[in-house]
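Text of entry27.csv, listed as CSV, C-alpha atoms:
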chain,number,residue,atom,x,y,z
A,177,MET,CA,-16.5,-2.1,-30.2
A,178,THR,CA,-20.1,-3.1,-29.7
A,179,THR,CA,-22.2,-1.5,-27.0
A,180,LYS,CA,-22.5,-4.8,-25.3
A,181,ASN,CA,-18.8,-5.4,-25.2
A,182,ARG,CA,-18.2,-1.8,-24.1
A,183,LYS,CA,-20.4,-2.3,-21.1
A,184,TYR,CA,-18.7,-5.6,-20.4
A,185,LEU,CA,-15.3,-4.0,-20.5
A,186,ALA,CA,-16.6,-1.2,-18.2
A,187,ILE,CA,-17.7,-3.8,-15.7
A,188,VAL,CA,-14.4,-5.6,-15.9
A,189,LEU,CA,-12.4,-2.4,-15.3
A,190,PHE,CA,-14.8,-1.3,-12.5
A,191,CYS,CA,-14.3,-4.6,-10.7
A,192,ILE,CA,-10.5,-4.4,-11.2
A,193,LEU,CA,-10.1,-0.8,-10.1
A,194,ASN,CA,-12.3,-1.4,-7.0
A,195,THR,CA,-10.4,-4.5,-6.2
A,196,ILE,CA,-7.2,-2.5,-6.3
A,197,ASN,CA,-8.7,0.2,-4.2
A,198,LEU,CA,-10.0,-2.3,-1.6
A,199,ASN,CA,-6.6,-3.9,-1.3
A,200,SER,CA,-4.3,-1.0,-2.0
A,201,GLN,CA,-5.8,2.4,-2.7
A,202,THR,CA,-4.7,2.0,-6.4
A,203,GLU,CA,-1.2,1.7,-5.0
A,204,ALA,CA,0.4,-1.5,-3.8
A,205,GLY,CA,-0.9,-2.3,-0.3
A,206,TYR,CA,-0.2,-4.9,2.3
A,207,LYS,CA,-1.4,-6.1,5.7
A,208,LEU,CA,2.2,-5.4,6.7
A,209,TYR,CA,1.5,-1.7,5.8
A,210,ARG,CA,3.9,-0.4,8.4
A,211,PHE,CA,6.6,-1.6,6.0
A,212,ASN,CA,4.7,0.2,3.2
A,213,ALA,CA,4.2,3.6,5.0
A,214,LEU,CA,6.3,5.4,2.3
A,215,VAL,CA,3.8,4.2,-0.3
A,216,LEU,CA,0.9,5.2,1.8
A,217,ASN,CA,2.1,8.7,2.4
A,218,PRO,CA,5.1,10.7,1.1
A,219,ALA,CA,5.3,12.5,4.4
A,220,GLN,CA,6.7,9.3,5.8
A,221,ALA,CA,10.0,9.9,4.0
A,222,GLY,CA,12.7,10.3,6.7
A,223,SER,CA,10.3,9.8,9.6
A,224,ASN,CA,12.3,6.8,11.0
A,225,ASP,CA,15.4,7.3,13.1
A,226,TYR,CA,17.4,5.3,10.4
A,227,SER,CA,17.5,4.8,6.7
A,228,ASP,CA,16.4,1.6,5.2
A,229,ILE,CA,15.9,-0.5,2.1
A,230,SER,CA,12.8,-2.7,2.0
A,231,ILE,CA,11.4,-5.5,-0.3
A,232,LEU,CA,7.8,-6.5,0.0
A,233,GLY,CA,5.7,-9.0,-1.8
A,234,SER,CA,2.1,-10.3,-1.6
A,235,SER,CA,0.2,-13.1,-3.3
A,236,TYR,CA,-3.5,-13.2,-2.6
A,237,TRP,CA,-6.0,-16.0,-3.3
A,238,VAL,CA,-3.4,-18.5,-4.4
A,239,GLY,CA,-4.8,-20.9,-7.0
A,240,VAL,CA,-7.3,-18.4,-8.4
A,241,GLN,CA,-6.6,-17.3,-11.9
A,242,GLY,CA,-5.9,-13.6,-12.1
A,243,ALA,CA,-5.5,-13.2,-8.3
A,244,PRO,CA,-3.7,-10.0,-7.1
A,245,LYS,CA,0.1,-10.1,-6.9
A,246,THR,CA,2.3,-7.2,-5.9
A,247,PHE,CA,6.0,-6.5,-5.6
A,248,THR,CA,7.6,-3.4,-4.1
A,249,ALA,CA,11.2,-2.4,-3.6
A,250,SER,CA,11.8,0.9,-1.8
A,251,GLY,CA,14.4,3.0,-0.1
A,252,ASN,CA,13.7,5.6,2.7
A,253,TYR,CA,16.6,7.9,3.6
A,254,ASN,CA,17.4,10.6,6.1
A,255,VAL,CA,19.5,13.1,4.1
A,256,MET,CA,19.4,16.0,6.6
A,257,LYS,CA,18.2,16.5,10.1
A,258,ASN,CA,14.7,17.6,9.1
A,259,PHE,CA,14.4,16.3,5.6
A,260,GLY,CA,13.9,12.8,4.1
A,261,ILE,CA,13.6,11.3,0.6
A,262,GLY,CA,12.2,8.1,-0.6
A,263,VAL,CA,12.0,6.1,-3.8
A,264,SER,CA,9.9,3.0,-4.6
A,265,VAL,CA,9.4,0.7,-7.6
A,266,ILE,CA,6.0,-1.1,-7.7
A,267,LYS,CA,4.8,-3.9,-9.9
A,268,ASP,CA,1.1,-4.8,-9.4
A,269,GLN,CA,-1.1,-7.3,-11.3
A,270,VAL,CA,-4.8,-8.0,-10.8
A,271,GLY,CA,-6.5,-10.1,-13.4
A,272,PRO,CA,-5.8,-8.6,-16.9
A,273,LEU,CA,-4.6,-5.3,-15.3
A,274,GLN,CA,-0.9,-4.8,-15.0
A,275,SER,CA,0.6,-1.7,-13.4
A,276,ASN,CA,4.2,-0.5,-13.0
A,277,SER,CA,5.3,2.7,-11.3
A,278,LEU,CA,8.4,4.6,-10.2
A,279,ASN,CA,7.8,7.0,-7.3
A,280,PHE,CA,10.0,9.7,-5.7
A,281,SER,CA,9.1,11.3,-2.4
A,282,GLY,CA,10.4,14.1,-0.3
A,283,ALA,CA,9.3,15.3,3.2
A,284,TYR,CA,10.1,18.1,5.6
A,285,HIS,CA,9.8,17.4,9.3
A,286,LEU,CA,9.0,20.3,11.7
A,287,ARG,CA,9.4,19.9,15.4
A,288,LEU,CA,6.4,21.3,17.2
A,289,ASN,CA,7.6,20.7,20.8
A,290,ASN,CA,9.7,18.2,22.8
A,291,SER,CA,7.2,15.4,22.0
A,292,TRP,CA,5.6,16.1,18.6
A,293,LYS,CA,6.7,16.5,15.0
A,294,PHE,CA,4.7,17.4,11.9
A,295,SER,CA,5.8,16.5,8.4
A,296,THR,CA,4.4,17.3,4.9
A,297,GLY,CA,5.5,15.4,1.8
A,298,LEU,CA,5.2,15.4,-2.0
A,299,LYS,CA,5.3,12.4,-4.3
A,300,LEU,CA,6.1,12.4,-8.1
A,301,THR,CA,5.1,9.3,-10.0
A,302,ALA,CA,5.9,7.8,-13.5
A,303,MET,CA,3.4,5.0,-14.2
A,304,GLU,CA,2.1,2.7,-16.9
A,305,GLN,CA,-1.0,0.6,-16.8
A,306,ASN,CA,-2.1,-2.1,-19.3
A,307,VAL,CA,-5.3,-4.1,-19.6
A,308,ILE,CA,-4.6,-7.3,-21.4
A,309,LEU,CA,-8.0,-7.8,-23.2
A,310,SER,CA,-6.7,-10.8,-25.1
A,311,GLU,CA,-6.9,-12.7,-21.8
A,312,LEU,CA,-10.6,-12.1,-21.4
A,313,THR,CA,-13.4,-14.3,-22.7
A,314,THR,CA,-16.4,-12.5,-24.1
A,315,THR,CA,-19.8,-13.4,-25.4
A,316,GLN,CA,-18.8,-12.3,-28.9
A,317,SER,CA,-15.9,-14.3,-30.1
A,318,ASP,CA,-13.1,-12.7,-32.3
A,319,ASP,CA,-14.3,-9.1,-31.6
A,320,PRO,CA,-11.4,-7.1,-33.0
A,321,ASP,CA,-12.0,-4.3,-30.4
A,322,MET,CA,-11.4,-6.8,-27.6
A,323,GLN,CA,-8.2,-8.2,-29.1
A,324,GLU,CA,-6.2,-4.9,-28.8
A,325,ASN,CA,-5.0,-4.2,-25.3
A,326,LEU,CA,-5.7,-1.0,-23.5
A,327,THR,CA,-2.8,1.1,-22.2
A,328,THR,CA,-2.2,4.4,-20.5
A,329,GLY,CA,1.3,4.7,-22.0
A,330,LEU,CA,3.8,6.3,-19.8
A,331,THR,CA,2.0,8.9,-17.6
A,332,TYR,CA,3.0,11.2,-14.8
A,333,ASN,CA,1.2,12.0,-11.6
A,334,ALA,CA,1.7,13.6,-8.2
A,335,GLY,CA,0.5,13.1,-4.6
A,336,PHE,CA,0.9,14.8,-1.2
A,337,GLY,CA,0.4,14.0,2.4
A,338,PHE,CA,0.7,15.0,6.1
A,339,LEU,CA,1.9,13.2,9.2
A,340,LEU,CA,1.6,14.2,12.9
A,341,TYR,CA,3.7,11.9,15.2
A,342,SER,CA,5.4,11.5,18.5
A,343,SER,CA,7.2,8.5,20.1
A,344,LYS,CA,3.9,7.0,21.1
A,345,LEU,CA,1.2,8.1,18.6
A,346,PHE,CA,0.8,9.0,14.9
A,347,LEU,CA,-1.9,10.3,12.5
A,348,GLY,CA,-1.4,10.5,8.8
A,349,ALA,CA,-3.4,11.5,5.7
A,350,SER,CA,-2.6,11.5,2.0
A,351,LEU,CA,-3.9,11.9,-1.5
A,352,PRO,CA,-1.8,9.4,-3.5
A,353,ARG,CA,-2.7,10.8,-6.9
A,354,VAL,CA,-4.2,14.1,-7.9
A,355,ALA,CA,-4.8,13.3,-11.6
A,356,SER,CA,-7.0,10.7,-13.3
A,357,ILE,CA,-5.7,7.8,-15.4
A,358,LYS,CA,-6.8,7.7,-19.0
A,359,TYR,CA,-6.7,4.7,-21.2
A,360,SER,CA,-6.2,4.6,-25.0
A,361,ARG,CA,-9.2,3.9,-27.3
A,362,VAL,CA,-11.9,3.8,-24.6
A,363,ASP,CA,-13.1,6.5,-22.3
A,364,MET,CA,-14.0,5.0,-19.0
A,365,THR,CA,-14.7,8.3,-17.2
A,366,ASN,CA,-18.4,7.6,-17.0
A,367,PHE,CA,-17.9,4.2,-15.4
A,368,VAL,CA,-15.0,4.5,-12.9
A,369,ASP,CA,-13.2,7.1,-10.9
A,370,LYS,CA,-9.5,6.4,-11.3
A,371,LYS,CA,-8.0,9.0,-9.0
A,372,GLY,CA,-7.6,6.6,-6.1
A,373,GLY,CA,-9.2,8.5,-3.2
A,374,CYS,CA,-7.7,9.5,0.2
A,375,ILE,CA,-5.9,7.5,2.8
A,376,VAL,CA,-6.2,8.1,6.6
A,377,TYR,CA,-4.3,6.0,9.2
A,378,ALA,CA,-3.5,6.2,12.9
A,379,GLY,CA,-1.9,4.1,15.6
A,380,GLY,CA,0.6,4.1,18.3
A,381,ASN,CA,2.8,2.2,20.8
A,382,VAL,CA,1.6,1.3,24.3
A,383,LYS,CA,4.1,-0.1,26.8
A,384,ILE,CA,2.4,-2.9,28.8
A,385,LYS,CA,5.5,-4.2,30.6
A,386,GLU,CA,9.2,-3.5,30.5
A,387,LYS,CA,9.7,-6.0,27.7
A,388,LEU,CA,6.2,-6.0,26.1
A,389,ASP,CA,4.7,-3.4,23.8
A,390,PHE,CA,1.2,-3.2,22.3
A,391,ARG,CA,1.0,-1.5,18.9
A,392,PRO,CA,-2.6,-1.0,17.5
A,393,SER,CA,-3.2,0.7,14.2
A,394,ALA,CA,-5.9,1.4,11.7
A,395,ILE,CA,-6.1,2.5,8.1
A,396,THR,CA,-9.0,3.5,5.8
A,397,TYR,CA,-9.5,4.4,2.2
A,398,PHE,CA,-12.4,6.6,1.0
A,399,GLY,CA,-13.4,8.8,-1.9
A,400,TYR,CA,-12.8,6.3,-4.7
A,401,GLY,CA,-16.4,5.4,-5.2
A,402,GLY,CA,-16.4,2.0,-3.4
A,403,PRO,CA,-17.6,0.9,0.0
A,404,LEU,CA,-15.8,1.9,3.2
A,405,ASN,CA,-12.6,-0.1,3.5
A,406,LEU,CA,-11.1,-0.4,7.0
A,407,ASP,CA,-8.0,-2.4,8.1
A,408,LEU,CA,-7.3,-2.9,11.8
A,409,ASN,CA,-4.0,-4.2,13.2
A,410,ALA,CA,-3.2,-5.3,16.7
A,411,SER,CA,0.4,-6.5,17.3
A,412,PHE,CA,2.7,-7.1,20.2
A,413,THR,CA,6.5,-6.8,20.5
A,414,ILE,CA,8.6,-8.8,22.9
A,415,HIS,CA,12.1,-7.6,23.8
A,416,LYS,CA,11.8,-5.1,20.9
A,417,LYS,CA,12.7,-8.2,18.8
A,418,TYR,CA,9.7,-10.5,18.2
A,419,ASP,CA,6.4,-9.3,16.7
A,420,PHE,CA,3.1,-11.2,16.6
A,421,GLY,CA,-0.5,-10.1,16.1
A,422,ILE,CA,-3.6,-10.1,14.0
A,423,SER,CA,-5.1,-8.0,11.2
A,424,TYR,CA,-8.7,-7.6,10.2
A,425,GLN,CA,-10.2,-6.1,7.1
A,426,LEU,CA,-13.8,-5.0,7.4
A,427,ARG,CA,-16.0,-7.6,5.5
A,428,GLY,CA,-12.8,-8.9,4.0
A,429,SER,CA,-10.2,-11.0,5.8
A,430,LEU,CA,-8.5,-12.1,9.0
A,431,GLY,CA,-4.7,-12.4,9.2
A,432,ALA,CA,-1.9,-13.5,11.4
A,433,ILE,CA,1.3,-11.4,11.6
A,434,LEU,CA,4.8,-12.6,12.6
A,435,GLY,CA,8.1,-10.7,12.6
A,436,MET,CA,11.6,-10.7,13.9
A,437,ASN,CA,14.2,-8.0,14.3
A,438,ILE,CA,17.8,-9.2,14.0
A,439,LYS,CA,20.3,-6.9,15.8
A,440,ASP,CA,18.5,-3.7,14.6
A,441,LYS,CA,20.0,-4.3,11.2
A,442,PHE,CA,17.6,-6.7,9.4
A,443,TYR,CA,13.9,-7.5,9.8
A,444,VAL,CA,11.7,-10.2,8.3
A,445,GLY,CA,7.9,-10.1,8.5
A,446,TYR,CA,5.3,-12.5,7.3
A,447,THR,CA,1.4,-12.4,7.2
A,448,TYR,CA,-1.0,-15.2,6.4
A,449,VAL,CA,-4.5,-13.9,5.4
A,450,TYR,CA,-7.7,-15.9,5.5
A,451,PRO,CA,-10.6,-14.5,3.5
A,452,LEU,CA,-13.9,-14.2,5.4
A,453,SER,CA,-16.0,-13.8,2.2
A,454,GLN,CA,-17.1,-16.5,-0.2
A,455,LEU,CA,-13.5,-16.5,-1.6
A,456,ASN,CA,-12.7,-19.0,1.1
A,457,THR,CA,-14.6,-21.6,-0.9
A,458,VAL,CA,-12.0,-21.4,-3.7
A,459,SER,CA,-8.8,-20.3,-1.9
A,460,THR,CA,-7.6,-19.9,1.6
A,461,GLN,CA,-4.0,-19.1,0.7
A,462,SER,CA,-2.9,-15.5,0.8
A,463,HIS,CA,0.7,-14.6,1.9
A,464,GLU,CA,2.8,-11.5,2.4
A,465,LEU,CA,6.5,-11.3,3.0
A,466,ALA,CA,8.6,-8.2,4.0
A,467,LEU,CA,12.4,-7.9,4.2
A,468,ARG,CA,14.1,-4.7,5.5
A,469,PHE,CA,17.7,-3.7,5.9
A,470,MET,CA,18.3,-0.8,8.3
A,471,PHE,CA,21.4,1.4,8.4
A,472,LYS,CA,22.6,4.8,9.6
A,473,LYS,CA,20.8,4.5,12.9
A,474,PRO,CA,21.8,7.3,15.4
A,475,LEU,CA,22.9,6.7,19.0
A,476,SER,CA,20.1,8.8,20.4
A,477,SER,CA,16.6,7.4,21.0
A,478,ALA,CA,14.0,7.5,18.2
A,479,ASP,CA,11.4,10.3,17.9
A,480,SER,CA,9.2,8.0,15.7
A,481,PRO,CA,6.8,5.4,17.1
A,482,ARG,CA,7.7,1.7,17.0
A,483,PHE,CA,5.1,1.3,14.3
A,484,PHE,CA,7.5,2.7,11.7
A,485,ASN,CA,10.4,0.4,12.8
Go through the file and emit its structure as structure tokens.
Amino acid sequence: MTTKNRKYLAIVLFCILNTINLNSQTEAGYKLYRFNALVLNPAQAGSNDYSDISILGSSYWVGVQGAPKTFTASGNYNVMKNFGIGVSVIKDQVGPLQSNSLNFSGAYHLRLNNSWKFSTGLKLTAMEQNVILSELTTTQSDDPDMQENLTTGLTYNAGFGFLLYSSKLFLGASLPRVASIKYSRVDMTNFVDKKGGCIVYAGGNVKIKEKLDFRPSAITYFGYGGPLNLDLNASFTIHKKYDFGISYQLRGSLGAILGMNIKDKFYVGYTYVYPLSQLNTVSTQSHELALRFMFKKPLSSADSPRFFN
């Protein structure tokens, strides 16, 4: 591979990996991230007062070639009083980069007092990433080094996290991956940091009226070598059934959130996202859809905030 093309490839991977971090901390991420809490932090396993199976999908910048697309299927289960497990399958694509992963999480929940719990969790990951170089157009045609795709092969990783929560507030932090990702043929260590950084998030539930709740939340990613990324959500819940609100990503996008809870068994959520950057000159269509089936809900009231429900 020529020096020129090596630099070109480094720039491509840098942009791809930072795009992933900005949208998903090198994991699948959504504006509906309260449905994706298990992916954000393994300490979320078993934090709800029920078990659930969720399906989430996002399609950003519709109409733009190589725009981000993500699909996640996950299960979050209470297996014992103070222990939960979770499993998720994630398929993510951004431009020529394709990523598939299988994640297993486990968390222990310690009651601190009548109001607060503290949990710590561990995640194990099997993952494969491929960069389809044959889809790229370079200044040097028919370069043999740019015709062979890059791949990590099947790799293994781990992550951990912590969660402090009550029925009204929560604070979580996690390190999704502790080891770097290495590609075949080309060493990108000098160009990009592929560990994924840290995630910190917080929020809560404020009762405004008997049948109206306000649920603010925020999440930030840092330590991955990119600019500060901050997502803010402000949503309202009516009759514990209908959700509506807005989401804002710093220097990124503005979104509208809608959701409906059906008999505490099934939930559907939708977000429309409008880019605030120059991307809105080429696409204003970004969508997210979340479906959740809930089961094994106890008769007692929940210890976890409405954010997780």
Dump as number ranges by chain all residues having an atom at most 12 Å from (-4.5, -15.5, -1.7), computed in the file's coordinates with only C-alpha atoms.
-> A: 199, 234-246, 270, 429-431, 447-452, 455-464
Would you write out, as a Markdown table, a table of all residues in range 326-360 of chain A that have an atom no more than 12 Å from an atom of range 385-408 of chain A, listing for each the closest atom pair and the distance in Å to one decimal, considering all atoms listed in the file and ordering rows by chain and rising residue number?
| residue | atom | partner | partner_atom | distance |
| --- | --- | --- | --- | --- |
| A:Ser343 | CA | A:Arg391 | CA | 11.8 |
| A:Lys344 | CA | A:Arg391 | CA | 9.2 |
| A:Leu345 | CA | A:Arg391 | CA | 9.6 |
| A:Phe346 | CA | A:Ser393 | CA | 9.2 |
| A:Leu347 | CA | A:Ala394 | CA | 9.8 |
| A:Gly348 | CA | A:Ile395 | CA | 9.3 |
| A:Ala349 | CA | A:Ile395 | CA | 9.7 |
| A:Ser350 | CA | A:Tyr397 | CA | 9.9 |
| A:Leu351 | CA | A:Gly399 | CA | 10.0 |
| A:Pro352 | CA | A:Tyr397 | CA | 10.8 |
| A:Arg353 | CA | A:Tyr400 | CA | 11.3 |
| A:Ser356 | CA | A:Tyr400 | CA | 11.3 |
C-alpha atoms of the current selection, written as a CSV table (one decimal), keeping the file's coordinate frame:
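Generated file (result.csv):
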chain,number,residue,atom,x,y,z
A,343,SER,CA,7.2,8.5,20.1
A,344,LYS,CA,3.9,7.0,21.1
A,345,LEU,CA,1.2,8.1,18.6
A,346,PHE,CA,0.8,9.0,14.9
A,347,LEU,CA,-1.9,10.3,12.5
A,348,GLY,CA,-1.4,10.5,8.8
A,349,ALA,CA,-3.4,11.5,5.7
A,350,SER,CA,-2.6,11.5,2.0
A,351,LEU,CA,-3.9,11.9,-1.5
A,352,PRO,CA,-1.8,9.4,-3.5
A,353,ARG,CA,-2.7,10.8,-6.9
A,356,SER,CA,-7.0,10.7,-13.3
d(CA of Asn252 in chain A, CA of His285 in chain A) in Å =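 Atom-to-atom, CA of Asn252 in chain A and CA of His285 in chain A are spaced 14.1 Å apart.
Proximity ranking of A:Glu324, A:Asp419, A:Glu304, A:Asp228 relative to Asn279 in chain A places A:Glu304 first, based on all atoms listed in the file.
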Pick from A:Ile231, A:Ile384, A:Ile357, A:Ala334 nearest to Thr301 in chain A, counting only C-alpha atoms |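 Of A:Ile231, A:Ile384, A:Ile357, A:Ala334, the one nearest Thr301 in chain A, counting only C-alpha atoms, is A:Ala334.
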Which neighbours of Ile433 in chain A fall inside 8 Å, counting all atoms listed in the file, when residues of the same chain fewer than 4 positions from it are skipped, and could you give them as an NGL selection string?
-> :A and (208 or 411 or 419-423 or 445-448)
